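Raw input_39.cif, mmCIF, C-alpha atoms:
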data_run
loop_
_atom_site.label_atom_id
_atom_site.label_comp_id
_atom_site.auth_asym_id
_atom_site.auth_seq_id
_atom_site.Cartn_x
_atom_site.Cartn_y
_atom_site.Cartn_z
CA MET G 1 0.00 0.00 0.00
CA LYS G 2 2.86 2.34 0.84
CA TYR G 3 4.44 1.77 -2.61
CA GLN G 4 1.11 2.43 -4.33
CA GLY G 5 0.71 5.62 -2.34
CA ILE G 6 4.11 6.87 -3.40
CA LEU G 7 3.33 6.05 -7.03
CA ALA G 8 -0.01 7.79 -6.89
CA GLY G 9 1.61 10.83 -5.31
CA ALA G 10 4.22 10.98 -8.04
CA MET G 11 1.55 10.78 -10.72
CA LEU G 12 -0.40 13.60 -9.10
CA MET G 13 2.74 15.75 -8.99
CA ALA G 14 3.36 15.12 -12.69
CA MET G 15 -0.19 15.93 -13.73
CA PRO G 16 0.28 19.73 -13.98
CA ALA G 17 3.25 19.26 -16.32
CA LEU G 18 1.37 16.72 -18.40
CA ALA G 19 -1.65 19.01 -18.51
CA GLN G 20 0.49 21.73 -20.06
CA ASN G 21 1.81 19.42 -22.79
CA THR G 22 -1.28 17.91 -24.38
CA PHE G 23 -3.04 17.92 -27.70
CA GLU G 24 -5.62 20.31 -26.25
CA ASN G 25 -2.81 22.73 -25.39
CA GLN G 26 -0.97 22.15 -28.69
CA TYR G 27 1.87 20.43 -26.80
CA THR G 28 3.13 23.86 -25.79
CA ARG G 29 6.46 24.20 -23.99
CA PRO G 30 8.68 27.14 -22.95
CA LEU G 31 10.98 28.18 -25.81
CA GLY G 32 14.05 28.44 -23.58
CA GLN G 33 13.53 24.89 -22.33
CA VAL G 34 13.25 23.53 -25.87
CA LEU G 35 16.44 25.33 -26.97
CA ASP G 36 18.33 23.97 -23.98
CA GLU G 37 17.22 20.45 -24.88
CA ILE G 38 18.35 20.93 -28.50
CA GLY G 39 21.76 21.97 -27.23
CA GLN G 40 22.02 18.86 -25.08
CA ARG G 41 20.62 16.48 -27.71
CA PHE G 42 23.03 17.59 -30.45
CA ASN G 43 25.94 18.48 -28.14
CA VAL G 44 26.16 22.08 -29.36
CA ARG G 45 26.39 25.38 -27.51
CA ILE G 46 23.41 27.73 -27.66
CA LYS G 47 24.06 31.43 -27.07
CA TYR G 48 21.30 34.00 -26.73
CA ASN G 49 20.96 37.50 -28.16
CA ILE G 50 17.22 37.37 -27.41
CA ASP G 51 14.99 37.20 -24.33
CA THR G 52 13.01 33.94 -24.14
CA VAL G 53 11.24 34.72 -20.86
CA GLY G 54 7.52 34.07 -21.22
CA LEU G 55 7.78 32.74 -24.79
CA LYS G 56 5.79 29.54 -25.38
CA LEU G 57 6.26 27.22 -28.34
CA PRO G 58 3.26 25.20 -29.64
CA TYR G 59 3.87 21.68 -30.96
CA ALA G 60 7.37 21.96 -29.58
CA ASP G 61 8.52 18.35 -29.73
CA THR G 62 7.25 17.74 -33.26
CA ARG G 63 9.44 20.59 -34.54
CA ILE G 64 12.64 18.78 -33.56
CA ARG G 65 14.33 16.72 -36.27
CA PRO G 66 16.54 14.05 -34.67
CA TYR G 67 18.87 14.07 -37.68
CA SER G 68 19.50 17.83 -37.96
CA VAL G 69 20.24 20.50 -35.36
CA GLU G 70 19.81 23.26 -37.93
CA GLU G 71 16.43 22.12 -39.21
CA SER G 72 15.33 21.75 -35.59
CA LEU G 73 16.46 25.30 -34.79
CA ASN G 74 14.77 26.70 -37.89
CA ASN G 75 11.49 25.03 -36.96
CA VAL G 76 11.67 26.14 -33.34
CA LEU G 77 12.68 29.74 -34.02
CA MET G 78 10.42 30.46 -37.00
CA PRO G 79 7.23 31.27 -35.00
CA PHE G 80 9.08 34.03 -33.13
CA ASP G 81 10.88 35.53 -36.13
CA PHE G 82 14.23 34.54 -34.63
CA LYS G 83 17.22 33.08 -36.46
CA PHE G 84 20.55 31.47 -35.65
CA VAL G 85 24.10 32.23 -36.72
CA LYS G 86 26.57 29.35 -36.58
CA ASN G 87 30.20 29.69 -35.52
CA ASP G 88 31.99 26.34 -35.15
CA ASN G 89 29.99 24.40 -32.53
CA THR G 90 28.10 27.45 -31.28
CA TYR G 91 24.69 28.62 -32.44
CA LYS G 92 23.85 32.22 -31.56
CA ILE G 93 20.12 32.93 -31.44
CA LYS G 94 19.27 36.39 -32.75
CA PRO G 95 16.26 38.42 -33.89
CA TYR G 96 15.47 38.20 -37.60
CA GLU G 97 17.70 40.56 -39.56
CA PRO G 98 16.22 41.65 -42.89
CA ALA G 99 19.64 42.65 -44.25
CA ARG G 100 21.43 39.42 -43.31
CA ARG G 101 20.94 36.00 -44.88
CA THR G 102 23.11 32.91 -45.25
CA GLU G 103 25.77 31.85 -47.70
CA ALA G 104 23.33 29.24 -49.02
CA ASP G 105 20.90 32.07 -49.77
CA GLY G 106 23.68 33.89 -51.62
CA ILE G 107 24.36 30.84 -53.78
CA LYS G 108 20.69 30.66 -54.76
CA MET G 109 20.49 34.41 -55.33
CA LEU G 110 23.45 34.53 -57.69
CA ALA G 111 22.23 31.45 -59.55
CA TRP G 112 18.90 33.18 -60.12
CA LEU G 113 20.56 36.41 -61.20
CA ASN G 114 22.85 34.57 -63.61
CA SER G 115 19.79 33.01 -65.23
CA LEU G 116 18.45 36.48 -66.09
CA TYR G 117 21.24 37.50 -68.46
CA PRO G 118 22.89 34.95 -70.75
CA ASP G 119 24.76 37.63 -72.71
CA ARG G 120 25.97 41.20 -72.65
CA ALA G 121 22.84 42.72 -74.20
CA SER G 122 20.50 41.18 -71.63
CA TRP G 123 22.89 42.10 -68.83
CA GLU G 124 23.05 45.75 -69.92
CA ALA G 125 19.27 45.97 -70.11
CA ARG G 126 19.11 44.64 -66.55
CA ARG G 127 21.90 46.98 -65.41
CA ASP G 128 20.21 50.08 -66.79
CA SER G 129 16.92 49.10 -65.19
CA LEU G 130 18.65 48.55 -61.86
CA ARG G 131 20.23 52.00 -61.91
CA THR G 132 16.90 53.63 -62.57
CA GLU G 133 15.02 51.66 -59.94
CA VAL G 134 17.71 52.05 -57.27
CA ARG G 135 17.62 55.84 -57.73
CA GLU G 136 13.84 55.80 -57.32
CA LEU G 137 13.83 53.51 -54.29
CA LEU G 138 16.62 55.49 -52.63
CA THR G 139 14.71 58.76 -53.39
CA ILE G 140 18.08 60.39 -54.02
CA ASP G 141 16.80 62.74 -56.71
CA ASP G 142 14.28 64.24 -54.28
CA TYR G 143 17.15 65.14 -51.97
CA LEU G 144 19.38 66.39 -54.77
CA ALA G 145 16.59 68.70 -55.90
CA LYS G 146 16.59 70.32 -52.45
CA ARG G 147 20.34 70.79 -52.23
CA VAL G 148 21.77 74.18 -51.36
CA ASP G 149 23.96 75.74 -54.04
CA ALA G 150 26.86 76.35 -51.67
CA LYS G 151 30.63 76.37 -51.88
CA PRO G 152 32.80 74.44 -49.44
CA VAL G 153 34.66 76.30 -46.71
CA PHE G 154 38.27 75.19 -46.12
CA SER G 155 40.71 75.40 -43.24
CA LYS G 156 44.34 76.30 -43.73
CA PRO G 157 46.42 73.35 -44.95
CA ARG G 158 48.65 71.49 -42.52
CA LYS G 159 51.86 70.35 -44.22
CA PHE G 160 53.53 67.00 -43.55
CA ASP G 161 56.03 64.64 -45.21
CA GLY G 162 54.94 64.50 -48.85
CA TYR G 163 51.34 65.58 -48.31
CA SER G 164 49.08 68.14 -46.66
CA VAL G 165 45.67 68.01 -44.99
CA ARG G 166 42.93 70.57 -44.75
CA ASN G 167 39.41 70.33 -43.41
CA PHE G 168 36.25 71.46 -45.13
CA TYR G 169 32.57 71.83 -44.47
CA LEU G 170 29.81 72.01 -47.05
CA GLU G 171 26.17 72.97 -46.66
CA THR G 172 24.08 70.39 -48.52
CA LEU G 173 20.49 70.83 -47.34
CA PRO G 174 19.39 74.11 -45.70
CA GLY G 175 21.23 74.37 -42.39
CA LEU G 176 22.75 70.89 -42.72
CA TYR G 177 26.49 70.44 -43.20
CA VAL G 178 28.88 67.63 -44.03
CA CYS G 179 32.43 67.84 -42.73
CA GLY G 180 35.52 66.11 -44.04
CA SER G 181 39.22 66.31 -44.80
CA ILE G 182 41.21 66.52 -48.01
CA TYR G 183 44.63 64.82 -48.20
CA GLU G 184 46.71 66.31 -51.02
CA PRO G 185 50.09 65.36 -52.54
CA THR G 186 52.79 68.01 -52.60
CA GLY G 187 53.51 67.67 -56.32
CA LYS G 188 52.05 70.02 -58.89
CA GLY G 189 49.87 69.21 -61.90
CA GLN G 190 46.79 67.03 -62.18
CA HIS G 191 46.27 64.14 -59.79
CA PRO G 192 43.92 61.18 -59.50
CA LEU G 193 41.06 61.69 -57.06
CA ILE G 194 39.82 59.07 -54.58
CA ILE G 195 36.61 59.63 -52.63
CA CYS G 196 36.72 57.64 -49.37
CA PRO G 197 33.34 57.21 -47.66
CA ASN G 198 33.82 56.28 -44.03
CA GLY G 199 32.76 53.01 -42.38
CA HIS G 200 31.68 52.15 -38.85
CA PHE G 201 35.15 51.84 -37.40
CA GLY G 202 35.84 53.32 -33.98
CA ASP G 203 36.35 57.11 -33.94
CA GLY G 204 35.06 57.50 -37.47
CA ARG G 205 37.26 59.29 -39.98
CA TYR G 206 39.64 60.37 -37.20
CA ASN G 207 40.94 56.87 -36.48
CA LYS G 208 44.56 55.96 -37.08
CA ALA G 209 43.98 53.47 -39.93
CA GLN G 210 41.88 56.04 -41.80
CA GLN G 211 44.55 58.71 -41.53
CA GLN G 212 47.26 56.23 -42.52
CA ARG G 213 45.40 55.13 -45.64
CA LEU G 214 44.45 58.53 -46.98
CA ALA G 215 47.80 60.12 -46.18
CA THR G 216 49.72 57.26 -47.81
CA LEU G 217 47.60 57.45 -50.96
CA ALA G 218 48.24 61.21 -51.01
CA ARG G 219 51.98 60.64 -50.66
CA MET G 220 51.68 58.22 -53.60
CA GLY G 221 50.16 61.00 -55.71
CA ALA G 222 46.36 60.92 -55.28
CA ILE G 223 44.05 63.53 -53.78
CA CYS G 224 41.89 61.76 -51.19
CA VAL G 225 38.72 62.98 -49.48
CA ASP G 226 36.86 61.50 -46.54
CA TYR G 227 33.77 62.75 -44.73
CA ASP G 228 31.66 62.02 -41.67
CA LEU G 229 28.91 59.48 -41.58
CA TYR G 230 25.51 61.10 -41.02
CA GLY G 231 24.97 61.33 -37.27
CA TRP G 232 28.63 60.60 -36.48
CA SER G 233 31.42 62.96 -35.41
CA GLU G 234 30.61 66.56 -36.35
CA SER G 235 27.35 65.56 -37.99
CA ALA G 236 26.16 64.29 -34.59
CA LEU G 237 26.58 67.83 -33.26
CA GLN G 238 23.77 68.83 -35.58
CA VAL G 239 21.39 65.89 -35.74
CA GLY G 240 22.34 63.64 -32.82
CA SER G 241 23.79 60.15 -32.99
CA GLU G 242 20.33 58.56 -33.17
CA ALA G 243 19.89 60.03 -36.64
CA HIS G 244 22.51 57.65 -37.96
CA HIS G 245 20.20 54.69 -37.36
CA THR G 246 17.53 55.92 -39.76
CA ALA G 247 16.64 55.37 -43.39
CA GLU G 248 17.33 59.07 -43.97
CA ALA G 249 21.01 58.42 -43.23
CA HIS G 250 21.10 56.02 -46.20
CA VAL G 251 20.10 58.79 -48.58
CA ILE G 252 21.96 61.72 -47.04
CA GLN G 253 25.31 59.89 -46.96
CA ILE G 254 25.04 59.18 -50.70
CA MET G 255 23.96 62.76 -51.37
CA ASN G 256 27.00 63.95 -49.41
CA GLY G 257 29.31 61.74 -51.46
CA MET G 258 27.83 63.06 -54.70
CA SER G 259 28.07 66.66 -53.50
CA ILE G 260 31.71 66.29 -52.50
CA LEU G 261 32.57 64.76 -55.85
CA ASP G 262 30.83 67.68 -57.56
CA PHE G 263 33.06 70.35 -56.03
CA MET G 264 36.22 68.24 -56.28
CA MET G 265 35.68 67.68 -60.01
CA ASP G 266 35.70 71.44 -60.51
CA ARG G 267 39.34 71.61 -59.36
CA LYS G 268 41.98 72.08 -62.02
CA ASP G 269 44.41 69.76 -60.21
CA VAL G 270 42.02 66.79 -60.47
CA ASP G 271 42.37 64.45 -63.44
CA PRO G 272 38.76 63.66 -64.47
CA THR G 273 39.87 60.44 -66.17
CA MET G 274 41.13 58.95 -62.87
CA VAL G 275 38.44 59.08 -60.22
CA GLY G 276 38.30 56.33 -57.60
CA VAL G 277 36.05 55.38 -54.70
CA ASN G 278 37.21 53.31 -51.73
CA GLY G 279 35.76 52.48 -48.33
CA GLY G 280 35.60 49.63 -45.83
CA SER G 281 32.66 47.94 -44.12
CA GLY G 282 29.78 50.46 -44.24
CA GLY G 283 32.07 52.64 -46.34
CA GLY G 284 32.37 49.71 -48.75
CA THR G 285 28.58 49.57 -49.04
CA GLN G 286 28.61 53.28 -49.87
CA THR G 287 31.42 52.63 -52.37
CA VAL G 288 29.23 50.19 -54.31
CA LEU G 289 26.21 52.49 -54.30
CA LEU G 290 28.19 55.57 -55.33
CA SER G 291 29.85 53.64 -58.15
CA LEU G 292 26.44 52.47 -59.35
CA LEU G 293 24.80 55.89 -59.38
CA ASP G 294 27.61 58.19 -60.51
CA PRO G 295 29.23 57.51 -63.90
CA ARG G 296 32.24 59.71 -63.16
CA TYR G 297 34.03 57.00 -61.18
CA THR G 298 36.65 55.08 -63.12
CA ALA G 299 37.90 52.68 -60.40
CA SER G 300 36.20 51.13 -57.39
CA CYS G 301 37.55 49.28 -54.34
CA PRO G 302 35.04 48.09 -51.72
CA VAL G 303 36.75 46.55 -48.68
CA ILE G 304 35.33 43.85 -46.34
CA SER G 305 31.76 44.62 -47.40
CA LEU G 306 30.73 42.99 -50.67
CA SER G 307 28.27 40.11 -50.31
CA SER G 308 25.37 38.45 -52.08
CA HIS G 309 23.67 37.66 -48.76
CA PHE G 310 24.29 40.72 -46.59
CA ASP G 311 23.08 44.21 -47.45
CA GLY G 312 24.76 46.03 -44.56
CA GLY G 313 23.49 45.80 -41.01
CA CYS G 314 22.98 49.53 -40.37
CA PRO G 315 20.00 51.53 -41.66
CA CYS G 316 22.54 53.90 -43.21
CA GLU G 317 23.38 51.01 -45.59
CA SER G 318 20.04 49.26 -46.01
CA GLY G 319 17.40 51.61 -44.64
CA MET G 320 15.88 52.36 -48.03
CA PRO G 321 14.51 49.33 -49.93
CA ILE G 322 16.97 49.40 -52.83
CA GLN G 323 17.34 45.60 -52.75
CA ARG G 324 13.83 45.37 -54.25
CA ALA G 325 15.10 46.83 -57.53
CA GLY G 326 14.69 44.59 -60.54
CA GLY G 327 12.45 42.20 -58.66
CA GLY G 328 15.29 41.54 -56.20
CA THR G 329 18.99 42.32 -56.22
CA CYS G 330 22.04 42.30 -53.93
CA ASN G 331 25.24 44.27 -53.46
CA ALA G 332 27.21 41.84 -55.62
CA GLU G 333 24.98 42.62 -58.60
CA LEU G 334 25.09 46.35 -57.88
CA ALA G 335 28.89 46.15 -57.86
CA ALA G 336 28.83 44.23 -61.15
CA ALA G 337 27.18 47.24 -62.78
CA PHE G 338 30.63 48.90 -62.64
CA ALA G 339 31.89 46.58 -65.39
CA PRO G 340 34.10 46.86 -67.38
CA ARG G 341 35.89 49.54 -65.30
CA PRO G 342 38.55 48.37 -62.79
CA LEU G 343 37.05 46.85 -59.64
CA HIS G 344 38.99 45.34 -56.75
CA VAL G 345 37.23 43.53 -53.88
CA VAL G 346 38.99 42.97 -50.55
CA SER G 347 37.56 40.18 -48.38
CA ASP G 348 38.46 38.19 -45.27
CA GLY G 349 37.70 34.84 -43.67
CA LYS G 350 35.87 35.92 -40.54
CA ASP G 351 32.88 37.98 -41.65
CA TRP G 352 30.20 37.91 -44.35
CA THR G 353 32.86 38.26 -47.09
CA ALA G 354 34.38 34.85 -46.30
CA ALA G 355 32.90 33.21 -49.44
CA VAL G 356 33.88 35.96 -51.90
CA PRO G 357 36.59 33.89 -53.69
CA THR G 358 34.16 31.05 -54.47
CA LEU G 359 30.86 32.91 -54.68
CA GLU G 360 30.80 36.64 -55.48
CA TYR G 361 34.14 36.82 -57.32
CA PRO G 362 33.29 34.15 -59.95
CA TYR G 363 29.96 35.92 -60.48
CA LEU G 364 31.76 39.23 -61.07
CA GLN G 365 34.19 37.55 -63.43
CA ARG G 366 31.29 36.26 -65.50
CA ILE G 367 29.86 39.77 -65.88
CA TYR G 368 33.27 41.23 -66.76
CA GLY G 369 33.61 38.39 -69.27
CA PHE G 370 30.75 39.91 -71.25
CA TYR G 371 33.21 42.74 -72.05
CA ASP G 372 36.31 40.56 -72.48
CA ALA G 373 37.58 42.40 -69.39
CA VAL G 374 37.98 39.69 -66.77
CA GLY G 375 41.40 41.14 -66.00
CA ASN G 376 39.73 44.34 -64.76
CA VAL G 377 38.12 42.64 -61.75
CA SER G 378 40.26 41.25 -58.94
CA ASN G 379 40.05 40.02 -55.36
CA THR G 380 42.42 40.09 -52.39
CA HIS G 381 41.23 37.50 -49.88
CA LEU G 382 42.70 37.30 -46.38
CA PRO G 383 41.33 34.02 -44.97
CA THR G 384 42.86 34.30 -41.48
CA GLU G 385 41.82 37.91 -40.88
CA GLY G 386 38.67 39.49 -39.50
CA HIS G 387 36.59 42.61 -39.92
CA ASP G 388 38.98 45.56 -39.77
CA PHE G 389 40.93 47.91 -42.03
CA GLY G 390 44.31 46.51 -41.00
CA PRO G 391 47.68 46.73 -42.78
CA ASN G 392 47.02 43.92 -45.28
CA LYS G 393 43.73 45.48 -46.34
CA ARG G 394 45.38 48.86 -46.72
CA ASN G 395 48.23 47.34 -48.74
CA ALA G 396 45.69 45.78 -51.10
CA VAL G 397 44.17 49.23 -51.59
CA TYR G 398 47.58 50.80 -52.25
CA ASP G 399 48.46 48.08 -54.78
CA PHE G 400 45.17 48.47 -56.66
CA PHE G 401 45.30 52.23 -57.02
CA ALA G 402 49.02 52.17 -57.78
CA LYS G 403 48.20 49.90 -60.69
CA VAL G 404 45.13 51.63 -62.12
CA PHE G 405 46.25 55.24 -61.46
CA SER G 406 50.03 54.78 -61.87
CA LEU G 407 50.71 55.99 -58.34
CA ASP G 408 54.21 55.99 -56.88
CA ARG G 409 54.73 52.67 -55.05
CA SER G 410 57.99 53.91 -53.52
CA LYS G 411 55.91 56.17 -51.26
CA ILE G 412 54.13 53.28 -49.53
CA ASP G 413 55.56 53.89 -46.07
CA GLU G 414 53.03 54.49 -43.32
CA SER G 415 55.78 55.43 -40.86
CA LYS G 416 55.97 58.75 -42.73
CA VAL G 417 52.36 59.58 -41.84
CA THR G 418 51.62 62.01 -39.02
CA ILE G 419 48.59 60.90 -36.98
CA GLU G 420 46.81 64.10 -36.06
CA PRO G 421 44.79 64.63 -32.87
CA TYR G 422 41.08 64.37 -33.50
CA ASP G 423 40.39 68.03 -32.81
CA ALA G 424 42.75 69.01 -35.65
CA LEU G 425 40.39 67.31 -38.11
CA LYS G 426 37.28 69.13 -36.91
CA SER G 427 35.78 72.22 -38.53
CA PHE G 428 33.25 73.26 -35.87
CA GLY G 429 35.21 72.84 -32.65
CA ALA G 430 34.93 70.15 -30.01
CA ASN G 431 31.37 71.08 -29.03
CA GLY G 432 30.11 72.71 -32.20
CA GLU G 433 30.87 76.23 -31.00
CA LYS G 434 31.98 77.19 -34.52
CA LEU G 435 28.83 76.04 -36.31
CA PRO G 436 27.72 78.63 -38.88
CA ALA G 437 24.79 80.90 -38.12
CA GLY G 438 21.59 79.23 -39.26
CA ALA G 439 22.94 75.72 -38.84
CA ILE G 440 20.60 73.04 -37.51
CA LYS G 441 21.41 72.52 -33.83
CA PHE G 442 19.81 69.49 -32.25
CA TRP G 443 22.85 68.60 -30.20
CA LYS G 444 22.96 68.71 -26.41
CA LYS G 445 25.86 69.73 -24.17
#
Written as structure tokens, that's how I'd like the structure from this file.
Amino acid sequence: MKYQGILAGAMLMAMPALAQNTFENQYTRPLGQVLDEIGQRFNVRIKYNIDTVGLKLPYADTRIRPYSVEESLNNVLMPFDFKFVKNDNTYKIKPYEPARRTEADGIKMLAWLNSLYPDRASWEARRDSLRTEVRELLTIDDYLAKRVDAKPVFSKPRKFDGYSVRNFYLETLPGLYVCGSIYEPTGKGQHPLIICPNGHFGDGRYNKAQQQRLATLARMGAICVDYDLYGWSESALQVGSEAHHTAEAHVIQIMNGMSILDFMMDRKDVDPTMVGVNGGSGGGTQTVLLSLLDPRYTASCPVISLSSHFDGGCPCESGMPIQRAGGGTCNAELAAAFAPRPLHVVSDGKDWTAAVPTLEYPYLQRIYGFYDAVGNVSNTHLPTEGHDFGPNKRNAVYDFFAKVFSLDRSKIDESKVTIEPYDALKSFGANGEKLPAGAIKFWKK
């Protein structure tokens, strides 16, 4: 009798749990519990970038596939619009990211795109349509129509070993300014021009790697220009840092790049036949878009950015729905529109550019093949490196522009570069005290 009593008691204790996991209740279980069990079953590590507290999963057990951890995770996460990112034996659970897909998605995307254009004529029809639709979806012409007809204001040049630097600011929309720096070679005559949109690296355009790259290219013989991201650095003094994480940033940054190219092309010391664009990460995304929309560029070098399955994780890169153009596109196809002009892609093994040598690069070669110009597209892949603008990435940039613009390779010596304090590169002072009268002032002390 005692044994029966114990058994009955155990059954009664289990009844609440059983009652929660029945057909009538759709076999619902807590999401966190199910994910923990998947980790144990498949001997993998589950990391969380989400909050599972209070989340219930209907038909939980039937979603698990005993032969596949990834199919199980897809089935379990789908009802909550979550996803996973795999790194070795670890699966990081994250919210759905509209700009980020998988390498498998990129393979399918490029296969579909390749099916659309079997020859040069069909490709060019697609390319022209893409340019038109991207402009419309970006709404760039609406912004350009509102631009202020203003001239840039320059600081005095600061002279260094083989180059000089001066700051500028330019009013683009009424009361809105973009600030940047121009790195100039000391030699006379006409020079190649390289526009360098900034990426999301720490300290923006003031960081050491940025100064090293632009100053070295200037020492090699090119005029280089960089400028603040919208809502970063001096732009944040006007609109606040929150403005960077908006779709408006996507448009304004491209408008700023176009506006800067406009006034630089008016200079007599700029060679209009040698105009490059080069940026890394988010600056690489801008590089592709600028090269698509502005026919004045003659060489393009996106660094650690180009992908068929990642559009750029910041709204300043993917806030406007330009990927809808042509019934669906990606940055690899937008970059291909630069053909047959020289294009160099720098990639690494530890971010979304890891598959470039076997995925995006062969696709680009096919497009360049339509023009018998496969030699004009190239790739530097650094399989052991991660997402930065380190020395090997910078050397790849120097080599590319030395080749296409006949720059002086003997000047590739970053030890000759003077790293300036951040305040030296600012136009409006540390706290915006030098902002022009009438400037937008949303910033707070």
Can you translate the PyMOL selection byres ((chain G and resi 85-89) around 10) into the concrete residues it hits in this file, as a list in words?
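Applied to this file, the PyMOL selection byres ((chain G and resi 85-89) around 10) selects Phe42, Asn43, Val44, Arg45, Ile46, Lys47, Glu70, Lys83, Phe84, Thr90, Tyr91, Lys92, Ile93, Lys94, Arg101, Thr102 and Lys350 of chain G.
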Could you produce a table of the residues of stretch 144-178 of chain G lying within 12 Å of stretch 187-209 of chain G, with the nearest pair of atoms per residue and their separation in Å rounded to one decimal, using only C-alpha atoms, ordered by chain and increasing residue number, as JSON lines?
{"residue": "G:Asp161", "atom": "CA", "partner": "G:Gly187", "partner_atom": "CA", "distance": 11.8}
{"residue": "G:Gly162", "atom": "CA", "partner": "G:Gly187", "partner_atom": "CA", "distance": 8.2}
{"residue": "G:Tyr163", "atom": "CA", "partner": "G:Gly187", "partner_atom": "CA", "distance": 8.6}
{"residue": "G:Ser164", "atom": "CA", "partner": "G:Gly187", "partner_atom": "CA", "distance": 10.6}
{"residue": "G:Asn167", "atom": "CA", "partner": "G:Tyr206", "partner_atom": "CA", "distance": 11.7}
{"residue": "G:Val178", "atom": "CA", "partner": "G:Pro197", "partner_atom": "CA", "distance": 11.9}
Around all the atoms of stretch 74-89 of chain G listed in the file, with 5 Å of room on each side, what axis-aligned box do you get, giving centre and edge lengths in Å to one decimal, as lines of an AutoDock Vina configuration file?
center_x = 19.6
center_y = 30.0
center_z = -35.2
size_x = 34.8
size_y = 21.1
size_z = 15.4
Evaluate the PyMOL selection byres ((chain G and resi 143) around 12) on the structure here and hand back the selected residues as a PyMOL selection string.
chain G and resi 135-136+138-142+144-148+172-174+248-256+258-259
I'd like the residues picked by the PyMOL selection byres ((chain G and resi 153) around 8) written out as a list in words, using the chain letters and numbers from the file.
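Applying the expression gives Lys151, Pro152, Phe154, Ser155, Phe168, Tyr169 and Leu170 of chain G.
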Compile a residue-level contact table for stretch 228-336 of chain G against stretch 419-429 of chain G at a cut-off of 10 Å, reporting for every qualifying residue the shortest atom pair and its distance in Å to one decimal, with all atoms listed in the file counted, rows ordered by chain and ascending number, as CSV.
residue,atom,partner,partner_atom,distance
G:Ser233,CA,G:Lys426,CA,8.6
G:Glu234,CA,G:Lys426,CA,7.2
G:Ser235,CA,G:Phe428,CA,9.9
G:Leu237,CA,G:Phe428,CA,9.0
Need the shell around G:His244: protein/DNA/RNA residues with any atom at most 7 Å away, counting all atoms listed in the file. Skip same-chain ones fewer than 6 positions apart. Format as number ranges by chain?
G: 230-232, 316
Choose the residue, out of G:Leu289, G:Val225, G:Val270, G:Ala218, that has the smallest atom-to-atom separation from G:Ile322; count only C-alpha atoms.
G:Leu289
Of the residues G:Glu24, G:Val34, G:Ala339, G:Phe82, which is the one nearest to G:Ile50, using only C-alpha atoms?
G:Phe82
Quick one: pull the distance between atom CA of G:Asn395 and atom CA of G:Asp408, Å, one decimal.
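Between atom CA of G:Asn395 and atom CA of G:Asp408 the gap is 13.3 Å.
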Would you compute the distance between atom CA of G:Asp61 and atom CA of G:Val76? Give it in Å to one decimal.
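Between atom CA of G:Asp61 and atom CA of G:Val76 the gap is 9.1 Å.
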So, counting only C-alpha atoms, which residue among G:Leu229, G:Ala430, G:Ile64, G:Cys301 is closest to G:Arg341?
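Once distances to G:Arg341 are computed over only C-alpha atoms, the minimum belongs to G:Cys301.
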Could you jot down the atom CA of G:Thr52 to atom CA of G:Gly32 separation for me, Å, one decimal place?
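That distance, rounded to one decimal, is 5.6 Å.
Between G:Leu130 and the candidates G:Gly312, G:Pro321, G:Pro95, G:Gly326, the tightest atom-to-atom separation, counting only C-alpha atoms, involves G:Gly326.
When all atoms listed in the file are used to measure the gap to G:His381, the shortest distance among G:Gly39, G:Pro98, G:Gly349, G:Pro342 belongs to G:Gly349.
Minimum atom-to-atom distance to G:Asp311, evaluated using only C-alpha atoms, belongs to G:Gln323 out of G:Gln323, G:Thr62, G:Ser378, G:Thr246.
Using only C-alpha atoms, the contacts of G:Val288 at a cut-off of 7 Å, with sequence neighbours closer than 3 positions omitted, comprise G:Gly284, G:Thr285, G:Ser291, G:Leu292, G:Pro302, G:Leu334, G:Ala335.
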Show which residues sit within 12 Å of G:Asp119, as a PyMOL selection string. Count all atoms listed in the file, and ignore same-chain residues fewer than 6 positions away.
chain G and resi 125-126+366-372
Would you mind exporting C-alpha atoms of the selected residues as a PDB file, in the frame of the given file?
ATOM      1  CA  ALA G 125      19.270  45.970 -70.110  1.00  0.00           C
ATOM      2  CA  ARG G 126      19.110  44.640 -66.550  1.00  0.00           C
ATOM      3  CA  ARG G 366      31.290  36.260 -65.500  1.00  0.00           C
ATOM      4  CA  ILE G 367      29.860  39.770 -65.880  1.00  0.00           C
ATOM      5  CA  TYR G 368      33.270  41.230 -66.760  1.00  0.00           C
ATOM      6  CA  GLY G 369      33.610  38.390 -69.270  1.00  0.00           C
ATOM      7  CA  PHE G 370      30.750  39.910 -71.250  1.00  0.00           C
ATOM      8  CA  TYR G 371      33.210  42.740 -72.050  1.00  0.00           C
ATOM      9  CA  ASP G 372      36.310  40.560 -72.480  1.00  0.00           C
TER      10      ASP G 372
END
Within 12 Å of G:Arg127 using only C-alpha atoms, minus same-chain residues under 3 positions, as an MDAnalysis selection string
chainID G and resid 113 116:117 120:124 130:134 292:293 325:326 329 333:339 367
Can you pull out the residues contacting G:Leu306? Cut-off 8 Å, using only C-alpha atoms, and skip same-chain residues under 4 positions away; I want them as a list in words.
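The residues satisfying every condition are Gly284, Thr285, Pro302, Phe310, Asn331, Ala332, Val345, Ser347, Thr353, Val356 and Glu360 of chain G.
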